[in-house]
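**Student:** Handing you a structure now.
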Amino acid sequence: MDASGGRPVAAQTMTDGPGVARGAGGWLGAVPVALAATDPDGRIVHWDPVAEQLLGYRARDAVGRHVVELLHPDADRSLGRSLWEGAAAGHGVMGSVTAWHRDGRPVELEIWARPSGAGAEPGVLVFAAEAHSSARVRGSSVVWDGLFSHSPVGIAVFDTGLRFLRVNAALQRMNGLPEAAHAGLTLPQVLPEVNAREMEAVMRRVLDTGEPVVDFRRVGRTPAQPRRDGVWSVAFVRLEDAEGLPVGIAASMTDITAVEGTRMQAEEARARLALLNEASIKIGTTLDLERTAQELADVAVPGLADVVTVDLLESLAEGGEVGDGLVGGAALRRLGKAPRAGSLVAGVLAPLDRTLQFPAAAPYSQALARRRPYLLTHLDEKVVAAAAPYSDTPRKLLLLGVRSFLMVPLIAREKVLGLATFYRTGEQPPFDGTDVELAGELAARAAVCADNARLYGREHDTAVALQRSMLPQHITPPAGIEIAHRYLAASDVNEVGGDWYDVVSLSGGKAALLIGDVMGHGTAAAAVMGRLSSTVRALARLDLEPVEVLMQLEAVLADLAEPMLATFLYAMCDPATGRCRITRAGHPPPAVVTPDGRARLLDLPAGAPLGIGGITFTTGDVSLPPGSLLVLYTDGLVEARGTDIDARLEELTRRLADPGPSLDDLCDVIVTRLVPGPPADDVALLVARIGTP
């Protein structure tokens with residue numbers, strides 16, 4: 001016999017006697033073993049000296065007889081016949097039989113039979129040993145029965161070729177196979193759906209080194225559990241003969257599927273919690289619909305799915321309102337997709353910013369209309385055929401290995417905003433109820449963030465519209481004064497505030513130039529700005545002194561239910577004389593550019609913002625040469641995160657020193673150079689040329 005592969009030995013090996021059995025390894029190699037061989041019909045063709053010693057028949061008396069004839073006439077010969085038939089059918093078999101000694105007494109034998117290619121035709125090799133002799137290795141009957149008959153732990157004995165020699169009842173139950181189905185075969189032959197090759201590699205290492213291995217994990221499926229994976233903890237120990245030579249391997253294993261399942265469930269729960277924690281950090285970092293949709297897709301890959309798409313209602317993507325129902329189908333805009341590159345599955349799905357139309361009967365529309373997840377555990381040909389009237393994409397996905405997908409509606413504040421779709425491919429397990437719950441939690445968070453972005457956009461638009469409506473739409477320059485102005489709304493709704501400017505003609509050819517900034521943001525700040533702007537225009541026409549105007553604005557703020565502060569600058573200018581009377585209430589200092597091109601900031605009392613109360617304002621008088629520029633601005637023009645305010649003011653005066661051919665050009669240069677990107681705060685700029693040079 002070939003100890004490594006279980007193949008039949010060559011014909012000359014049959015004459016080697018007991019050494020053949022020792023070469024086979026295991027307990028057979030530790031006791032005197034007889035060797036016999038039969039032809040395909042069961043007739044004995046070889047009989048060695050040990051066989052003669054065991055049963056008393058000489059070779060010439062045994063050769064030619066049927067092997068079953070040597071069994072004791074009073075014993076059940078069916079077991080012996082079935083063992084030989086199993087070996088003749090190509091299996092290794094093992095068992096105990098009662099043989100007939102030549103002197104008429106019964107002999108208890110343990111035999112191991114395997115198919116052999118010896119001789120002209122295939123036959124069977126039979127190794128036999130007296131039961132009481134084999135007990136030297138297998139132990140006393142008490143120990144043997146305790147281990148193999150009563151132990152709840154699965155036990156197997158392998159020879160040095162890693163073939164099964166014996167398995168106990170517990171292991172037979174674990175594997176779902178009788179002992180005869182194990183004997184003489186290797187692990188991959190008996191249990192191809194467990195990690196048998198890994199187990200064999202470990203056993204070879206134990207045979208070579210003598211070092212036992214504890215708690216190796218056998219995983220996979222057995223005939224006892226053909227539809228679900230099991231997990232077993234296995235220990236391997238080398239068996240040695242009296243001389244310390246390896247004769248086999250003893251393996252014991254315990255079914256820990258339930259324990260491992262509990263551990264895996266705990267790990268899965270921790271993984272879900274970690275994913276939710278990650279989602280709480282990474283989803284909703286901005287109040288932007290597209291960014292929020294993409295963040296949901298990025299977070300879910302690969303923790304929950306291999307590919308994810310996020311689609312929002314077309315009306316929502318266009319900045320409109322969300323309807324209460326979906327009648328006649330759904331129009332969706334794809335705003336999120338992951339992975340963005342390197343995935344064939346993602347490649348066949350619609351790209352970002354694509355509008356998708358789905359009829360009312362399509363799964364997408366149904367998931368949205370019913371407000372419930374749509375789970376397809378297994379994508380197969382039946383599903384592909386049902387989806388064919390709507391799209392050929394499911395067939396492409398099936399060909400690319402998609403096995404399961406899940407659609408979850410995005411719902412916030414009782415409104416359906418869109419849909420997230422999750423795909424799993426290859427060997428990934430199909431989505432189950434736990435995955436539906438996890439996807440639902442991710443979708444719910446993303447939906448709230450998307451709805452916040454929707455509300456933010458609406459508030460932003462409202463605040464900007466309100467603010468722009470309260471700014472002067474058409475400024476008519478007073479005689480002798482040339483005017484240019486700019487206004488930039490902040491890019492963030494939280495920064496849209498109460499910046500405004502105005503020019504009011506006064507009696508006597510004079511004019512009031514004013515600029516202010518309500519501290520606060522959003523619609524409330526814009527509304528207060530509107531009240532102050534209207535009040536100033538009315539007060540200015542009464543020819544009140546700048547200080548009196550500021551005191552009246554202070555009273556307006558004092559009447560508000562919620563305290564508000566505002567910075568303000570009021571300049572009363574006479575273009576005929578160049579005289580300007582300027583009062584500041586916490587506002588940035590105005591700049592002056594004289595006709596010779598020199599630019600500077602006016603050194604005037606800063607004052608305190610309006611709304612503090614109990615403050616006395618001071619007016620400063622300035623005389624400007626004809627043609628001088630008076631530049632008023634809000635802090636959004638000169639304040640920037642991480643930059644010193646003095647450096648920004650210096651840059652402003654440097655830009656003003658080269659005013660260019662027109663005031664409009666100057667405004668464009670100032671705004672472009674000082675605010676090159678989307679402004680973080682509102683920006684108001686008012687430039688006036690006082691008098692004619």
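Ordering of the structure tokens sets the chain letters (A, B, ...); residue numbers start at 1 within each chain; ligands are numbered from 1 in the order shown.
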When you look at A:Arg77 with a cut-off of 12 Å (counting only C-alpha atoms), what residues show up, excluding the ones that are within fewer than 4 positions of it in the same chain? I need them as an NGL selection string.

**Tutor:** :A and (67-73 or 81-84 or 96-100)

**Student:** Compile a residue-level contact table for stretch 166-271 of chain A against stretch 432-447 of chain A at a cut-off of 12 Å, reporting for every qualifying residue the shortest atom pair and its distance in Å to one decimal, with only C-alpha atoms counted, rows ordered by chain and ascending number, as JSON lines.

**Tutor:**
```
{"residue": "A:Gln265", "atom": "CA", "partner": "A:Thr434", "partner_atom": "CA", "distance": 10.6}
{"residue": "A:Glu268", "atom": "CA", "partner": "A:Thr434", "partner_atom": "CA", "distance": 9.8}
{"residue": "A:Ala269", "atom": "CA", "partner": "A:Thr434", "partner_atom": "CA", "distance": 9.6}
{"residue": "A:Ala271", "atom": "CA", "partner": "A:Leu438", "partner_atom": "CA", "distance": 10.6}
```

**Student:** For stretch 653-663 of chain A, find every residue with an atom within 6 Å (counting only C-alpha atoms), except residues of its own chain fewer than 3 positions away, and show them as a list in words.

**Tutor:**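 Surrounding residues, per the criterion: Ala484, Gly597, Arg598, Ala599, Glu650 and Leu666 of chain A.
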
**Student:** Can you spit out the residues from that selection as a compact mmCIF listing (two decimals), in the first residue's frame, using C-alpha atoms?

**Tutor:**
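Saved to again_30.txt:
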```txt
# COMPACT_ATOMS: atom_id res chain seq x y z
CA ALA A 484 -20.81 102.24 -7.39
CA GLY A 597 -3.84 108.16 -5.62
CA ARG A 598 -3.04 108.02 -1.92
CA ALA A 599 -5.32 105.65 0.03
CA GLU A 650 -3.51 97.00 4.42
CA LEU A 666 -12.61 99.33 -8.88
```

**Student:** I'd like the interatomic distance between atom CA of A:Thr583 and atom CA of A:Pro605, to a tenth of an Å.

**Tutor:** 7.8 Å

**Student:** Can you tell me which residues surround A:Gly509 at a distance of at most 10 Å, considering only C-alpha atoms, apart from same-chain residues fewer than 6 positions away, and format the answer as a ChimeraX atom specification?

**Tutor:** /A:478-481,573-576

**Student:** For A:Val622, which residue among A:Asp668, A:Asp241, A:Asp103, A:Asp603 is the nearest when counting only C-alpha atoms?

**Tutor:**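 Checking each candidate against A:Val622, we get A:Asp603 as the closest.
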
**Student:** Near A:Ala538, within 12 Å and counting only C-alpha atoms, which residues show up once chain neighbours fewer than 2 positions away are dropped, as a PyMOL selection string?

**Tutor:** chain A and resi 504-506+512+531-536+540-544+549+552-553

**Student:** Please determine, counting only C-alpha atoms, which residue among A:Thr616, A:Thr594, A:Thr257, A:Ser315 has the shortest atom-to-atom distance to A:Ala688.

**Tutor:**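 Under the stated criterion, the closest residue is A:Thr594.
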
**Student:** Can you pull out the residues contacting A:Leu466? Cut-off 9 Å, using only C-alpha atoms, and skip same-chain residues under 2 positions away; I want them as a list in words.

**Tutor:**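 With the cut-off at 9 Å, the set is Asp461, Thr462, Ala463, Val464, Arg468, Ser469, Met470, Leu471, Thr523, Ala526, Ala527 and Gly530 of chain A.
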
**Student:** Using only C-alpha atoms, can you tell me which of A:Leu185, A:Leu674, A:Ala89, A:Ala128 comes closest to A:Val33?

**Tutor:**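 For A:Val33, the nearest of the given residues is A:Ala128.
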
**Student:** So which residues of stretch 411-620 of chain A fall under helix (DSSP H, G or I) by DSSP, listed as JSON, numbers by chain?

**Tutor:** {"A": [433, 434, 435, 436, 437, 438, 439, 440, 441, 442, 443, 444, 445, 446, 447, 448, 449, 450, 451, 452, 453, 454, 455, 456, 457, 458, 459, 460, 461, 462, 463, 464, 465, 466, 467, 468, 469, 470, 507, 508, 509, 523, 524, 525, 526, 527, 528, 529, 530, 531, 532, 533, 534, 535, 536, 537, 538, 539, 540, 546, 547, 548, 549, 550, 551, 552, 553, 554, 555, 556, 557, 558]}

**Student:** Could those selected residues go to a file with C-alpha atoms, as a CSV table (one decimal), in the first residue's frame?

**Tutor:**
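Result file selection-v2.csv:
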```csv
chain,number,residue,atom,x,y,z
A,433,GLY,CA,-33.3,40.9,8.3
A,434,THR,CA,-30.4,42.2,10.3
A,435,ASP,CA,-29.0,43.9,7.2
A,436,VAL,CA,-32.4,45.4,6.4
A,437,GLU,CA,-32.4,47.0,9.9
A,438,LEU,CA,-28.8,48.3,9.6
A,439,ALA,CA,-29.5,49.7,6.1
A,440,GLY,CA,-32.7,51.3,7.4
A,441,GLU,CA,-30.8,53.1,10.2
A,442,LEU,CA,-28.2,54.4,7.8
A,443,ALA,CA,-30.9,55.5,5.4
A,444,ALA,CA,-32.8,57.2,8.2
A,445,ARG,CA,-29.8,59.2,9.2
A,446,ALA,CA,-29.0,60.2,5.7
A,447,ALA,CA,-32.6,61.1,5.1
A,448,VAL,CA,-32.7,63.5,8.0
A,449,CYS,CA,-29.4,65.1,6.8
A,450,ALA,CA,-30.8,65.4,3.3
A,451,ASP,CA,-34.0,66.9,4.6
A,452,ASN,CA,-32.0,69.4,6.7
A,453,ALA,CA,-30.1,70.3,3.5
A,454,ARG,CA,-33.4,70.8,1.7
A,455,LEU,CA,-34.7,73.0,4.5
A,456,TYR,CA,-31.4,74.8,4.6
A,457,GLY,CA,-31.6,75.5,0.9
A,458,ARG,CA,-35.1,76.8,1.2
A,459,GLU,CA,-34.1,79.0,4.2
A,460,HIS,CA,-31.0,80.2,2.4
A,461,ASP,CA,-33.0,81.2,-0.7
A,462,THR,CA,-35.6,82.9,1.5
A,463,ALA,CA,-33.0,84.8,3.4
A,464,VAL,CA,-31.2,85.9,0.3
A,465,ALA,CA,-34.4,86.9,-1.4
A,466,LEU,CA,-35.5,88.9,1.6
A,467,GLN,CA,-32.2,90.5,2.0
A,468,ARG,CA,-31.9,91.5,-1.7
A,469,SER,CA,-35.5,92.8,-1.7
A,470,MET,CA,-34.6,95.2,1.1
A,507,SER,CA,-31.7,119.0,1.3
A,508,GLY,CA,-29.1,121.6,0.2
A,509,GLY,CA,-27.5,119.3,-2.3
A,523,THR,CA,-34.0,85.2,7.9
A,524,ALA,CA,-34.2,87.0,11.3
A,525,ALA,CA,-31.1,89.1,10.7
A,526,ALA,CA,-32.3,90.0,7.2
A,527,ALA,CA,-35.7,91.1,8.6
A,528,VAL,CA,-34.1,93.3,11.2
A,529,MET,CA,-31.9,94.8,8.5
A,530,GLY,CA,-35.0,95.7,6.6
A,531,ARG,CA,-36.5,97.5,9.6
A,532,LEU,CA,-33.3,99.5,10.2
A,533,SER,CA,-32.9,100.3,6.5
A,534,SER,CA,-36.5,101.7,6.3
A,535,THR,CA,-36.0,103.7,9.5
A,536,VAL,CA,-32.8,105.3,8.3
A,537,ARG,CA,-34.3,106.4,5.0
A,538,ALA,CA,-37.1,108.1,6.9
A,539,LEU,CA,-34.8,109.7,9.5
A,540,ALA,CA,-32.3,110.9,6.9
A,546,PRO,CA,-25.7,111.6,12.3
A,547,VAL,CA,-25.7,111.1,16.0
A,548,GLU,CA,-29.4,111.7,16.2
A,549,VAL,CA,-30.0,109.1,13.5
A,550,LEU,CA,-28.0,106.5,15.4
A,551,MET,CA,-29.9,107.2,18.7
A,552,GLN,CA,-33.2,106.5,16.9
A,553,LEU,CA,-31.8,103.2,15.5
A,554,GLU,CA,-30.8,102.3,19.0
A,555,ALA,CA,-34.4,102.8,20.1
A,556,VAL,CA,-35.6,100.6,17.2
A,557,LEU,CA,-33.4,97.7,18.3
A,558,ALA,CA,-34.5,98.2,21.9
```

**Student:** Report as a PyMOL selection string all protein, DNA and RNA residues lying within 7 Å of A:Ala585, evaluated on only C-alpha atoms, omitting residues in the same chain fewer than 6 positions from it.

**Tutor:** chain A and resi 567-569+606-610

**Student:** Running DSSP on the backbone, which parts of stretch 218-328 of chain A land in strand (DSSP E or B), as a PyMOL selection string?

**Tutor:** chain A and resi 218-222+225-240+246-255+307-313

**Student:** When you count only C-alpha atoms, which of these residues is closest to A:Asp646: A:Ser404, A:Pro589, A:Arg372, A:Asp665?

**Tutor:**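 When distances to A:Asp646 are compared using only C-alpha atoms, the smallest one comes from A:Pro589.
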
**Student:** For a test of reading the model, state the distance in Å between atom CA of A:Met564 and atom CA of A:Ala490, rounded to one decimal.

**Tutor:**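 Between these atoms lies a distance of 19.6 Å.
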
**Student:** Out of A:Pro246, A:Pro223, A:Gly64, A:Gln357, which residue has the shortest atom-to-atom distance to A:Glu211 when counting only C-alpha atoms?

**Tutor:**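 Once distances to A:Glu211 are computed over only C-alpha atoms, the minimum belongs to A:Pro246.
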